[in-house]
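With mmCIF, C-alpha atoms inside, this is protein.cif:
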data_target
#
loop_
_atom_site.label_atom_id
_atom_site.label_comp_id
_atom_site.auth_asym_id
_atom_site.auth_seq_id
_atom_site.Cartn_x
_atom_site.Cartn_y
_atom_site.Cartn_z
CA MET R 1 20.27 -27.14 -19.36
CA GLU R 2 23.25 -25.21 -18.05
CA GLY R 3 21.42 -21.95 -18.80
CA LEU R 4 18.34 -23.10 -16.92
CA GLU R 5 20.47 -24.24 -13.99
CA ARG R 6 22.07 -20.81 -13.81
CA ILE R 7 18.72 -19.00 -14.07
CA LEU R 8 17.20 -21.25 -11.42
CA GLY R 9 20.21 -20.73 -9.17
CA GLU R 10 19.74 -16.97 -9.43
CA HIS R 11 16.05 -17.13 -8.52
CA ARG R 12 15.42 -16.22 -4.89
CA LEU R 13 13.61 -19.49 -4.41
CA PHE R 14 16.70 -21.49 -5.19
CA THR R 15 19.44 -19.18 -3.92
CA GLY R 16 21.90 -21.17 -1.84
CA LEU R 17 20.74 -24.56 -3.10
CA GLY R 18 23.78 -26.78 -3.59
CA PRO R 19 24.93 -27.58 -7.15
CA SER R 20 23.78 -31.18 -6.99
CA PHE R 21 20.31 -30.17 -5.80
CA LEU R 22 20.20 -27.47 -8.45
CA THR R 23 21.06 -30.00 -11.14
CA LEU R 24 18.29 -32.26 -9.89
CA ALA R 25 15.75 -29.42 -9.80
CA SER R 26 16.72 -28.05 -13.20
CA GLY R 27 16.20 -31.53 -14.63
CA CYS R 28 12.49 -30.84 -14.11
CA ALA R 29 12.54 -27.34 -15.67
CA LYS R 30 11.87 -25.83 -19.06
CA ASN R 31 11.25 -22.38 -20.53
CA VAL R 32 7.62 -21.61 -21.34
CA VAL R 33 6.29 -18.41 -22.89
CA PHE R 34 2.67 -17.26 -22.66
CA LYS R 35 1.10 -14.58 -24.84
CA ALA R 36 -1.24 -12.03 -23.28
CA GLY R 37 -4.55 -13.78 -22.68
CA ASP R 38 -3.10 -17.31 -22.59
CA TYR R 39 -4.04 -19.39 -19.60
CA LEU R 40 -1.24 -21.01 -17.62
CA PHE R 41 -3.88 -23.25 -16.10
CA ARG R 42 -7.53 -23.28 -15.16
CA ALA R 43 -9.35 -24.22 -11.97
CA ASP R 44 -9.61 -27.99 -11.44
CA ASP R 45 -6.75 -28.71 -13.84
CA ALA R 46 -4.05 -30.98 -12.46
CA ALA R 47 -1.38 -28.95 -10.65
CA ASP R 48 1.44 -30.49 -12.62
CA TRP R 49 3.51 -27.36 -13.21
CA ILE R 50 5.00 -24.62 -11.08
CA TYR R 51 5.80 -21.38 -12.87
CA LEU R 52 8.60 -19.00 -11.92
CA ILE R 53 7.90 -15.73 -13.70
CA ARG R 54 10.98 -14.28 -15.39
CA TYR R 55 9.14 -11.47 -17.14
CA GLY R 56 5.53 -10.37 -17.40
CA ARG R 57 2.49 -10.64 -15.21
CA VAL R 58 -0.17 -13.23 -14.49
CA ALA R 59 -3.66 -12.66 -13.13
CA LEU R 60 -4.99 -15.22 -10.70
CA GLU R 61 -8.75 -15.28 -11.07
CA MET R 62 -11.80 -16.95 -9.67
CA ALA R 63 -15.14 -17.29 -11.36
CA LEU R 64 -18.10 -15.93 -9.43
CA PRO R 65 -21.68 -16.89 -10.31
CA GLY R 66 -23.30 -14.36 -12.61
CA ARG R 67 -20.26 -12.09 -12.57
CA GLU R 68 -17.07 -11.58 -14.43
CA ALA R 69 -14.08 -13.42 -13.00
CA VAL R 70 -12.46 -11.59 -10.10
CA GLN R 71 -8.70 -11.07 -10.01
CA PHE R 72 -7.29 -11.50 -6.53
CA GLU R 73 -3.56 -11.44 -7.19
CA THR R 74 -1.20 -10.56 -10.02
CA PRO R 75 2.22 -12.10 -9.48
CA GLY R 76 4.96 -10.61 -11.61
CA GLU R 77 8.67 -10.83 -12.31
CA GLY R 78 10.54 -12.97 -9.79
CA GLU R 79 7.37 -14.40 -8.29
CA ILE R 80 5.89 -17.86 -8.32
CA VAL R 81 2.59 -19.09 -9.64
CA GLY R 82 1.45 -22.26 -8.00
CA LEU R 83 1.83 -23.79 -4.58
CA THR R 84 -0.93 -26.34 -5.02
CA TRP R 85 1.57 -28.82 -6.45
CA LEU R 86 2.78 -29.44 -2.89
CA LEU R 87 -0.46 -30.83 -1.54
CA PRO R 88 -2.80 -33.61 -2.68
CA PRO R 89 -5.04 -33.81 -4.62
CA TYR R 90 -2.79 -31.51 -6.72
CA LEU R 91 -5.63 -29.61 -8.40
CA TRP R 92 -5.67 -25.87 -9.11
CA GLY R 93 -8.36 -23.92 -7.31
CA TYR R 94 -8.32 -20.89 -9.63
CA ASP R 95 -7.41 -19.75 -13.13
CA ALA R 96 -4.06 -18.18 -14.03
CA ARG R 97 -4.07 -15.93 -17.11
CA ALA R 98 -1.12 -14.05 -18.59
CA THR R 99 -2.09 -10.37 -18.80
CA GLU R 100 0.91 -9.56 -20.96
CA LEU R 101 3.68 -11.48 -22.69
CA THR R 102 5.01 -13.65 -19.88
CA ARG R 103 8.19 -15.66 -19.85
CA THR R 104 8.42 -18.37 -17.24
CA ILE R 105 10.47 -21.27 -16.12
CA ALA R 106 8.05 -24.13 -15.71
CA LEU R 107 8.98 -26.83 -13.25
CA ASP R 108 7.40 -30.20 -13.78
CA ALA R 109 5.68 -30.72 -10.43
CA ARG R 110 5.38 -34.49 -10.77
CA CYS R 111 9.06 -34.73 -11.61
CA LEU R 112 9.94 -32.48 -8.66
CA ARG R 113 7.64 -34.38 -6.29
CA ASP R 114 9.22 -37.68 -7.36
CA LYS R 115 12.71 -36.30 -6.82
CA CYS R 116 11.73 -34.90 -3.44
CA ASP R 117 10.24 -38.26 -2.46
CA ALA R 118 13.40 -40.05 -3.57
CA ASP R 119 15.77 -37.58 -1.90
CA HIS R 120 14.35 -36.21 1.36
CA ASP R 121 17.24 -33.79 1.77
CA LEU R 122 16.22 -32.18 -1.52
CA GLY R 123 12.57 -32.37 -0.44
CA PHE R 124 13.35 -30.58 2.82
CA GLU R 125 15.35 -27.88 1.03
CA ILE R 126 12.55 -27.33 -1.46
CA LEU R 127 9.92 -27.23 1.30
CA LYS R 128 11.96 -24.69 3.26
CA ARG R 129 11.95 -22.47 0.21
CA PHE R 130 8.28 -22.77 -0.62
CA LEU R 131 6.97 -22.34 2.93
CA PRO R 132 7.87 -18.61 3.16
CA VAL R 133 6.12 -18.06 -0.16
CA LEU R 134 3.07 -19.78 1.28
CA GLU R 135 3.30 -17.74 4.48
CA HIS R 136 3.56 -14.43 2.58
CA GLY R 137 0.61 -15.44 0.45
CA LEU R 138 -1.40 -16.28 3.56
CA GLN R 139 -0.52 -12.97 5.17
CA ALA R 140 -1.61 -11.10 2.06
CA THR R 141 -4.84 -13.10 2.02
CA TRP R 142 -5.58 -12.21 5.64
CA LEU R 143 -5.16 -8.54 4.84
CA GLN R 144 -7.47 -8.85 1.85
CA MET R 145 -10.03 -10.71 3.98
CA LEU R 146 -9.85 -8.05 6.69
CA ASP R 147 -10.86 -5.49 4.07
CA VAL R 148 -8.72 -2.93 5.85
CA TYR R 149 -9.48 -0.10 3.43
CA GLY R 150 -13.18 -0.49 4.06
CA GLN R 151 -12.87 0.14 7.81
CA PRO R 152 -12.16 3.43 9.52
CA GLY R 153 -8.87 3.58 11.42
CA MET V 1 -2.29 34.76 20.67
CA ALA V 2 -5.66 33.27 19.73
CA ASP V 3 -7.18 30.61 21.95
CA PRO V 4 -6.41 27.30 20.21
CA MET V 5 -9.70 25.88 21.48
CA VAL V 6 -11.76 28.52 19.69
CA PRO V 7 -12.45 27.78 16.04
CA ARG V 8 -12.27 30.45 13.39
CA ILE V 9 -14.87 30.60 10.69
CA VAL V 10 -13.95 29.63 7.13
CA ARG V 11 -15.99 29.17 3.98
CA VAL V 12 -16.21 26.15 1.73
CA GLU V 13 -15.12 27.54 -1.60
CA ALA V 14 -15.31 24.34 -3.61
CA ARG V 15 -16.29 20.74 -3.08
CA THR V 16 -15.09 17.78 -5.12
CA ARG V 17 -16.62 14.35 -4.72
CA ASP V 18 -13.62 12.07 -5.03
CA LEU V 19 -15.39 8.78 -4.34
CA PRO V 20 -18.76 7.77 -2.91
CA GLY V 21 -18.61 9.09 0.67
CA THR V 22 -15.29 10.90 0.17
CA VAL V 23 -15.00 14.58 -0.67
CA THR V 24 -12.27 17.17 -0.91
CA LEU V 25 -13.09 20.67 0.30
CA GLU V 26 -11.30 23.88 -0.56
CA LEU V 27 -11.60 26.31 2.32
CA GLN V 28 -11.07 30.04 2.18
CA SER V 29 -10.98 32.79 4.72
CA VAL V 30 -14.19 34.79 5.20
CA ASP V 31 -12.23 37.95 5.98
CA ASP V 32 -8.73 39.36 5.50
CA THR V 33 -7.17 37.00 8.00
CA PRO V 34 -4.82 34.69 6.10
CA LEU V 35 -5.45 30.98 6.21
CA PRO V 36 -3.22 29.10 8.62
CA ARG V 37 0.05 27.86 7.15
CA TYR V 38 0.80 24.21 7.67
CA ARG V 39 3.35 21.54 6.93
CA PRO V 40 2.66 18.29 5.05
CA GLY V 41 1.18 15.71 7.41
CA GLN V 42 -0.60 18.11 9.74
CA PHE V 43 -4.34 18.15 10.32
CA THR V 44 -7.03 20.56 11.44
CA MET V 45 -10.06 20.18 13.67
CA MET V 46 -13.13 20.93 11.59
CA TYR V 47 -16.34 21.92 13.33
CA VAL V 48 -19.71 21.49 11.66
CA PHE V 49 -22.09 23.72 13.57
CA GLY V 50 -24.67 21.83 15.55
CA VAL V 51 -23.08 18.48 14.76
CA GLY V 52 -19.57 18.31 16.14
CA GLU V 53 -15.85 18.49 15.51
CA ILE V 54 -13.42 16.01 13.96
CA PRO V 55 -9.77 15.90 12.89
CA VAL V 56 -9.38 16.19 9.12
CA SER V 57 -6.26 15.59 7.05
CA ILE V 58 -4.87 18.47 5.05
CA SER V 59 -4.45 17.19 1.52
CA GLY V 60 -3.46 20.24 -0.50
CA ASP V 61 -0.30 21.98 -1.56
CA ALA V 62 1.38 23.51 1.49
CA THR V 63 2.98 26.21 -0.66
CA ASP V 64 -0.41 27.58 -1.74
CA PRO V 65 -1.36 30.22 0.85
CA LYS V 66 -4.77 30.94 -0.71
CA ARG V 67 -6.46 27.60 -0.28
CA LEU V 68 -6.69 25.06 2.47
CA VAL V 69 -7.57 21.71 0.93
CA GLN V 70 -8.87 18.88 3.07
CA THR V 71 -10.17 15.42 2.23
CA VAL V 72 -12.77 13.61 4.33
CA ARG V 73 -14.38 10.21 4.21
CA SER V 74 -17.75 9.68 5.78
CA VAL V 75 -17.41 7.20 8.64
CA GLY V 76 -19.60 8.76 11.33
CA ALA V 77 -22.10 11.53 12.08
CA VAL V 78 -19.66 14.46 11.92
CA SER V 79 -17.60 13.26 8.97
CA ASP V 80 -20.86 12.52 7.17
CA ALA V 81 -21.95 16.12 7.80
CA VAL V 82 -18.59 17.36 6.50
CA THR V 83 -18.99 15.37 3.29
CA ARG V 84 -22.43 16.97 2.80
CA LEU V 85 -21.09 20.53 3.00
CA GLN V 86 -21.56 22.58 -0.14
CA ALA V 87 -19.77 25.57 -1.62
CA GLY V 88 -20.67 28.63 0.41
CA ASP V 89 -21.23 26.79 3.69
CA LEU V 90 -19.36 27.97 6.76
CA VAL V 91 -17.41 25.71 9.12
CA GLY V 92 -15.31 26.17 12.21
CA LEU V 93 -11.62 25.43 11.97
CA ARG V 94 -8.86 24.99 14.53
CA GLY V 95 -5.25 24.26 13.87
CA PRO V 96 -3.21 23.08 12.09
CA PHE V 97 -2.07 20.55 14.64
CA GLY V 98 0.30 17.65 14.90
CA THR V 99 3.73 16.70 13.69
CA PRO V 100 4.57 16.85 9.98
CA TRP V 101 6.20 14.30 7.71
CA PRO V 102 10.00 14.78 7.96
CA THR V 103 10.29 16.55 4.61
CA ASP V 104 13.38 18.48 5.72
CA GLU V 105 15.26 15.24 6.35
CA LEU V 106 14.55 13.69 2.97
CA ALA V 107 17.13 15.55 0.89
CA GLY V 108 19.51 13.14 -0.81
CA GLN V 109 17.46 10.14 0.25
CA ASP V 110 15.46 7.62 -1.73
CA VAL V 111 11.89 8.25 -0.63
CA VAL V 112 9.23 5.56 -0.53
CA VAL V 113 5.69 6.74 0.03
CA VAL V 114 3.25 3.95 0.85
CA ALA V 115 -0.42 4.86 1.07
CA GLY V 116 -3.50 2.77 1.67
CA GLY V 117 -7.06 3.88 0.87
CA ILE V 118 -7.86 7.34 2.24
CA GLY V 119 -4.30 7.39 3.65
CA LEU V 120 -3.22 8.96 0.38
CA ALA V 121 -4.85 12.23 1.50
CA PRO V 122 -2.42 13.22 4.30
CA LEU V 123 0.49 12.13 2.09
CA ARG V 124 -0.52 14.23 -0.90
CA PRO V 125 1.07 17.46 0.41
CA THR V 126 4.34 15.55 0.75
CA ILE V 127 4.02 14.16 -2.76
CA TYR V 128 3.54 17.71 -4.06
CA HIS V 129 6.68 18.71 -2.16
CA LEU V 130 8.69 15.77 -3.54
CA LEU V 131 7.59 16.45 -7.11
CA ALA V 132 8.15 20.21 -6.88
CA ASN V 133 11.68 19.69 -5.54
CA ARG V 134 12.39 16.46 -7.40
CA THR V 135 16.12 17.03 -7.90
CA ASN V 136 16.69 17.13 -4.14
CA PHE V 137 15.92 13.45 -3.72
CA GLY V 138 17.15 10.10 -4.91
CA LYS V 139 14.52 7.69 -6.18
CA VAL V 140 10.95 8.64 -5.43
CA VAL V 141 8.47 5.79 -5.26
CA LEU V 142 4.75 5.92 -4.49
CA LEU V 143 3.00 2.66 -3.75
CA TYR V 144 -0.74 2.97 -3.36
CA GLY V 145 -3.13 0.21 -2.35
CA THR V 146 -6.89 0.31 -2.20
CA ARG V 147 -9.90 -1.93 -2.35
CA SER V 148 -10.81 -1.88 -6.04
CA PRO V 149 -10.20 0.20 -9.18
CA ALA V 150 -13.40 2.15 -8.47
CA GLU V 151 -11.99 3.27 -5.12
CA ILE V 152 -8.72 4.81 -6.26
CA LEU V 153 -8.44 8.23 -4.64
CA TYR V 154 -7.14 11.14 -6.76
CA ARG V 155 -7.10 8.84 -9.77
CA ARG V 156 -6.54 11.54 -12.38
CA GLU V 157 -3.67 12.98 -10.40
CA LEU V 158 -2.07 9.56 -10.00
CA GLU V 159 -2.33 9.05 -13.75
CA HIS V 160 -0.81 12.49 -14.32
CA TRP V 161 2.10 11.83 -11.92
CA ARG V 162 2.67 8.49 -13.56
CA GLN V 163 3.45 10.19 -16.85
CA ARG V 164 6.58 11.65 -15.27
CA LEU V 165 9.72 9.69 -15.96
CA ASP V 166 11.38 10.54 -12.66
CA VAL V 167 9.00 8.86 -10.24
CA GLN V 168 7.83 5.28 -9.83
CA ILE V 169 4.15 4.95 -9.12
CA ASP V 170 2.51 1.59 -8.56
CA VAL V 171 -1.13 1.11 -7.71
CA THR V 172 -2.52 -2.16 -6.48
CA VAL V 173 -6.06 -3.15 -5.60
CA ASP V 174 -7.38 -5.97 -3.43
CA HIS V 175 -9.61 -7.29 -6.19
CA ALA V 176 -10.61 -6.36 -9.71
CA ASP V 177 -12.32 -7.68 -12.81
CA SER V 178 -10.46 -8.35 -16.04
CA SER V 179 -10.79 -4.75 -17.24
CA TRP V 180 -8.11 -3.78 -14.70
CA HIS V 181 -4.59 -4.16 -16.05
CA GLY V 182 -2.68 -3.09 -12.96
CA HIS V 183 -1.49 -4.95 -9.90
CA VAL V 184 -3.86 -6.98 -7.76
CA GLY V 185 -2.89 -7.90 -4.22
CA VAL V 186 -2.10 -6.12 -1.00
CA VAL V 187 0.29 -3.20 -1.09
CA THR V 188 2.93 -5.08 0.90
CA ARG V 189 3.46 -7.39 -2.08
CA LEU V 190 4.90 -4.46 -4.03
CA LEU V 191 7.66 -3.98 -1.48
CA THR V 192 9.71 -6.98 -2.58
CA ARG V 193 10.04 -5.38 -6.03
CA LEU V 194 11.45 -2.12 -4.67
CA ALA V 195 14.85 -1.16 -6.03
CA ILE V 196 16.09 1.42 -3.53
CA ASP V 197 19.21 2.06 -1.52
CA THR V 198 17.87 0.98 1.87
CA SER V 199 20.84 2.51 3.69
CA HIS V 200 19.85 5.94 2.36
CA ALA V 201 16.10 5.72 2.19
CA THR V 202 13.11 6.93 4.17
CA ALA V 203 9.60 5.54 4.01
CA LEU V 204 6.44 7.48 4.77
CA VAL V 205 3.46 5.24 5.40
CA CYS V 206 -0.18 6.13 5.91
CA GLY V 207 -3.26 3.97 5.82
CA PRO V 208 -5.23 1.64 8.02
CA GLU V 209 -3.14 0.76 11.05
CA ILE V 210 -2.89 -2.93 10.24
CA MET V 211 -1.71 -2.07 6.74
CA MET V 212 0.94 0.26 8.22
CA ARG V 213 2.16 -2.51 10.55
CA PHE V 214 2.53 -5.02 7.76
CA THR V 215 4.08 -2.42 5.46
CA ALA V 216 6.61 -1.39 8.09
CA ALA V 217 7.47 -5.05 8.68
CA GLY V 218 7.86 -5.58 4.93
CA LEU V 219 10.07 -2.50 4.59
CA HIS V 220 12.20 -3.72 7.47
CA ASP V 221 12.46 -7.15 5.79
CA ILE V 222 13.98 -5.58 2.68
CA GLY V 223 16.56 -3.77 4.79
CA LEU V 224 15.07 -0.44 5.81
CA PRO V 225 15.83 0.40 9.47
CA GLN V 226 12.75 0.95 11.62
CA SER V 227 14.10 4.41 12.42
CA ALA V 228 13.78 5.30 8.73
CA ILE V 229 10.07 4.49 8.62
CA PHE V 230 7.44 7.07 9.56
CA VAL V 231 3.77 6.30 10.09
CA SER V 232 0.72 8.46 10.67
CA LEU V 233 -1.41 7.49 13.66
CA GLU V 234 -5.12 8.01 13.59
CA ARG V 235 -6.94 8.19 16.88
CA ASN V 236 -10.12 9.80 18.10
CA MET V 237 -8.80 13.28 18.80
CA LYS V 238 -10.83 15.85 20.71
CA CYS V 239 -8.79 18.79 21.98
CA ALA V 240 -5.87 18.27 19.55
CA LEU V 241 -3.61 19.95 22.11
CA GLY V 242 -2.52 16.99 24.21
CA LEU V 243 -4.75 18.02 27.10
CA CYS V 244 -7.82 15.79 27.10
CA GLY V 245 -6.04 12.46 26.72
CA ARG V 246 -8.64 11.11 24.34
CA CYS V 247 -6.01 10.14 21.77
CA GLN V 248 -3.41 9.01 24.29
CA PHE V 249 -1.45 6.03 23.11
CA SER V 250 0.60 4.89 26.09
CA GLY V 251 3.01 7.84 26.56
CA ILE V 252 2.16 9.34 23.20
CA PHE V 253 -0.61 11.79 22.41
CA ALA V 254 -1.47 11.14 18.78
CA CYS V 255 -2.62 14.75 18.31
CA LYS V 256 0.49 16.40 19.71
CA ASP V 257 3.33 13.85 19.45
CA GLY V 258 1.81 12.58 16.17
CA ALA V 259 0.06 12.14 13.95
CA VAL V 260 3.39 11.46 12.20
CA VAL V 261 5.75 9.39 14.34
CA ARG V 262 8.85 7.36 13.74
CA TYR V 263 7.91 3.71 13.57
CA ASP V 264 10.48 2.49 16.09
CA ARG V 265 8.75 4.68 18.73
CA VAL V 266 5.37 3.02 18.30
CA ARG V 267 6.09 -0.42 16.88
CA ARG V 268 5.31 -2.29 20.08
CA LEU V 269 2.28 -0.16 20.89
CA MET V 270 0.73 -0.66 17.48
CA GLY V 271 0.53 -4.39 18.07
CA LEU V 272 -1.25 -4.12 21.42
CA LYS V 273 -4.91 -5.01 21.59
CA GLU V 274 -7.49 -2.37 22.48
CA ILE V 275 -5.05 0.55 22.30
#

If you convert what's in this file into structure tokens, what do you get?
Amino acid sequence: MEGLERILGEHRLFTGLGPSFLTLASGCAKNVVFKAGDYLFRADDAADWIYLIRYGRVALEMALPGREAVQFETPGEGEIVGLTWLLPPYLWGYDARATELTRTIALDARCLRDKCDADHDLGFEILKRFLPVLEHGLQATWLQMLDVYGQPG
Amino acid sequence: MADPMVPRIVRVEARTRDLPGTVTLELQSVDDTPLPRYRPGQFTMMYVFGVGEIPVSISGDATDPKRLVQTVRSVGAVSDAVTRLQAGDLVGLRGPFGTPWPTDELAGQDVVVVAGGIGLAPLRPTIYHLLANRTNFGKVVLLYGTRSPAEILYRRELEHWRQRLDVQIDVTVDHADSSWHGHVGVVTRLLTRLAIDTSHATALVCGPEIMMRFTAAGLHDIGLPQSAIFVSLERNMKCALGLCGRCQFSGIFACKDGAVVRYDRVRRLMGLKEI
């Protein structure tokens, strides 16, 4: 557990989180390894885990009718897979597939949600850390939606 | 001195179709007059007879005096006519014009080149320069973003450069199917993974303007001063001499004061609507 606490503390998402909060958060964490081709989760699965990628890469994909799944993002080392755990009904809206050997720290979302509900200070700290991730993701999505490379100028 | 408004005649020596609607032309002199010398980042005005004239990025090796290489994407009547030119056709040419990338100021620096879509074309002469003089620079990183794997410009060359052990090249696409094993996502997402000395680094950015704005903001977020970021402005240029005002951008004429400008000079202007 001490190792996980240290690794979590070094992740940019948890940098600066006090030791007691870190102990609480790491109580919900475990190491999970995915082989290339393994799915971390699929669309409509319960969003019960958050994955911090330590090594490797994950393709986020959506199925399109009559076509192969389309990849729209490939988070890698140091990045996070999964923000859906924050919002009801806690269901994934896409598939996440490891494209290479991927080592993650998986945080039990139900455990973390319960701890955040029980300790609002922790909840606020966690929310402050996930909101920028959400904002960056939104910004990237806007750029993709604008299809900037398809337009002149 | 020749009248800069009068085009000279050059011949299309070779034509390469890079992507649907995008071609690279090799131009050669029709007589003994040498081709104009240029610096990476400059552009020419190319005149298709009976159709019109447009600014075109120079995309070749600036040290090669025998060929002028230019890449064009079809987005309108004139650029469409340019992309339909064939070997042997004649075109009018003025220039080169505009400010170059600050290649002389890059020695000893980490250099981050960020290109989006066709924006790789005006950066390619700089990439040739960086690779040919590799020992003069710190880390050299090229981040390239485009729509899909099928729309990667200069793909073979990117693959060739990637084989070198002394440059970092990352390509990302907005979307892909499962046959693509590279990055997916906008080019700005690659910035957080950059390992450079931001106090001794310069970034050269070219692509759609909105991509350049977000890239510059992302570079600034990781510690690069705005004065160390250079962007290439694209505007509808006509005279290319700073006379007609067609490409005026507040106090800046994109053709004469640009196309390459330091980001801190244009940051506020780039966010203004309808400019």

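As for atom CA of V:Arg147 and atom CA of V:Gly117, they are spaced 7.2 Å apart.
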
message: Evaluate the PyMOL selection byres ((chain V) within 7 of (chain R)) against this structure - the residues, as a ChimeraX atom specification, please.
response: /V:75,116-117,146-147,174-178,183-186,208-209,234

- request: Convert the output of the PyMOL selection byres ((chain R and resi 12-24) around 9) on the shown file into explicit residues, formatted as a count of residues only.
  value: 24

- request: Could you tell me how far atom CA of V:Ile58 lies from atom CA of V:Leu123, in Å and to one decimal?
  value: 8.8 Å

Evaluate the PyMOL selection byres ((chain R and resi 111) around 12) here and jot the selected residues down as a JSON list (two decimals) with C-alpha atoms, keeping the file's coordinate frame.
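So the final result, stored in expr20.json, reads:
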[["chain", "number", "residue", "atom", "x", "y", "z"],
["R", 24, "LEU", "CA", 18.29, -32.26, -9.89],
["R", 25, "ALA", "CA", 15.75, -29.42, -9.80],
["R", 26, "SER", "CA", 16.72, -28.05, -13.20],
["R", 27, "GLY", "CA", 16.20, -31.53, -14.63],
["R", 28, "CYS", "CA", 12.49, -30.84, -14.11],
["R", 29, "ALA", "CA", 12.54, -27.34, -15.67],
["R", 30, "LYS", "CA", 11.87, -25.83, -19.06],
["R", 47, "ALA", "CA", -1.38, -28.95, -10.65],
["R", 48, "ASP", "CA", 1.44, -30.49, -12.62],
["R", 49, "TRP", "CA", 3.51, -27.36, -13.21],
["R", 50, "ILE", "CA", 5.00, -24.62, -11.08],
["R", 85, "TRP", "CA", 1.57, -28.82, -6.45],
["R", 86, "LEU", "CA", 2.78, -29.44, -2.89],
["R", 106, "ALA", "CA", 8.05, -24.13, -15.71],
["R", 107, "LEU", "CA", 8.98, -26.83, -13.25],
["R", 108, "ASP", "CA", 7.40, -30.20, -13.78],
["R", 109, "ALA", "CA", 5.68, -30.72, -10.43],
["R", 110, "ARG", "CA", 5.38, -34.49, -10.77],
["R", 112, "LEU", "CA", 9.94, -32.48, -8.66],
["R", 113, "ARG", "CA", 7.64, -34.38, -6.29],
["R", 114, "ASP", "CA", 9.22, -37.68, -7.36],
["R", 115, "LYS", "CA", 12.71, -36.30, -6.82],
["R", 116, "CYS", "CA", 11.73, -34.90, -3.44],
["R", 117, "ASP", "CA", 10.24, -38.26, -2.46],
["R", 118, "ALA", "CA", 13.40, -40.05, -3.57],
["R", 123, "GLY", "CA", 12.57, -32.37, -0.44]]

query: Could you name the residues that touch stretch 62-66 of chain V at 10 Å or less, counting only C-alpha atoms, but leaving out those on the same chain fewer than 6 positions away, as a ChimeraX atom specification?
result: /V:26-29,34-41,124-126,128-129

Around all listed atoms of stretch 115-127 of chain R, padded 4 Å per side, what centre and edge lengths does the axis-aligned box have in Å to one decimal, as JSON?
{"center_x": 13.6, "center_y": -33.6, "center_z": -2.0, "size_x": 15.3, "size_y": 20.8, "size_z": 17.6}

field: Cut-off 10 Å around (7.1, 8.1, -1.0) with only C-alpha atoms: residues as number ranges by chain
entry: V: 110-115, 123-124, 126-127, 130, 139-144, 167-169, 201-205

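We find atom CA of V:Ala195 and atom CA of V:Arg268 to be spaced 27.8 Å apart.
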
- request: List every protein, DNA or RNA residue that has an atom no more than 12 Å from (15.7, 19.2, 5.1) in the file's coordinate frame, counting all atoms listed in the file, and report them as a PyMOL selection string.
  value: chain V and resi 101-109+129-130+133+136-137

Long-range neighbours of V:Val6 as a ChimeraX atom specification, 9 Å cut-off, all atoms listed in the file, 4 positions minimum in chain: /V:2,92-94
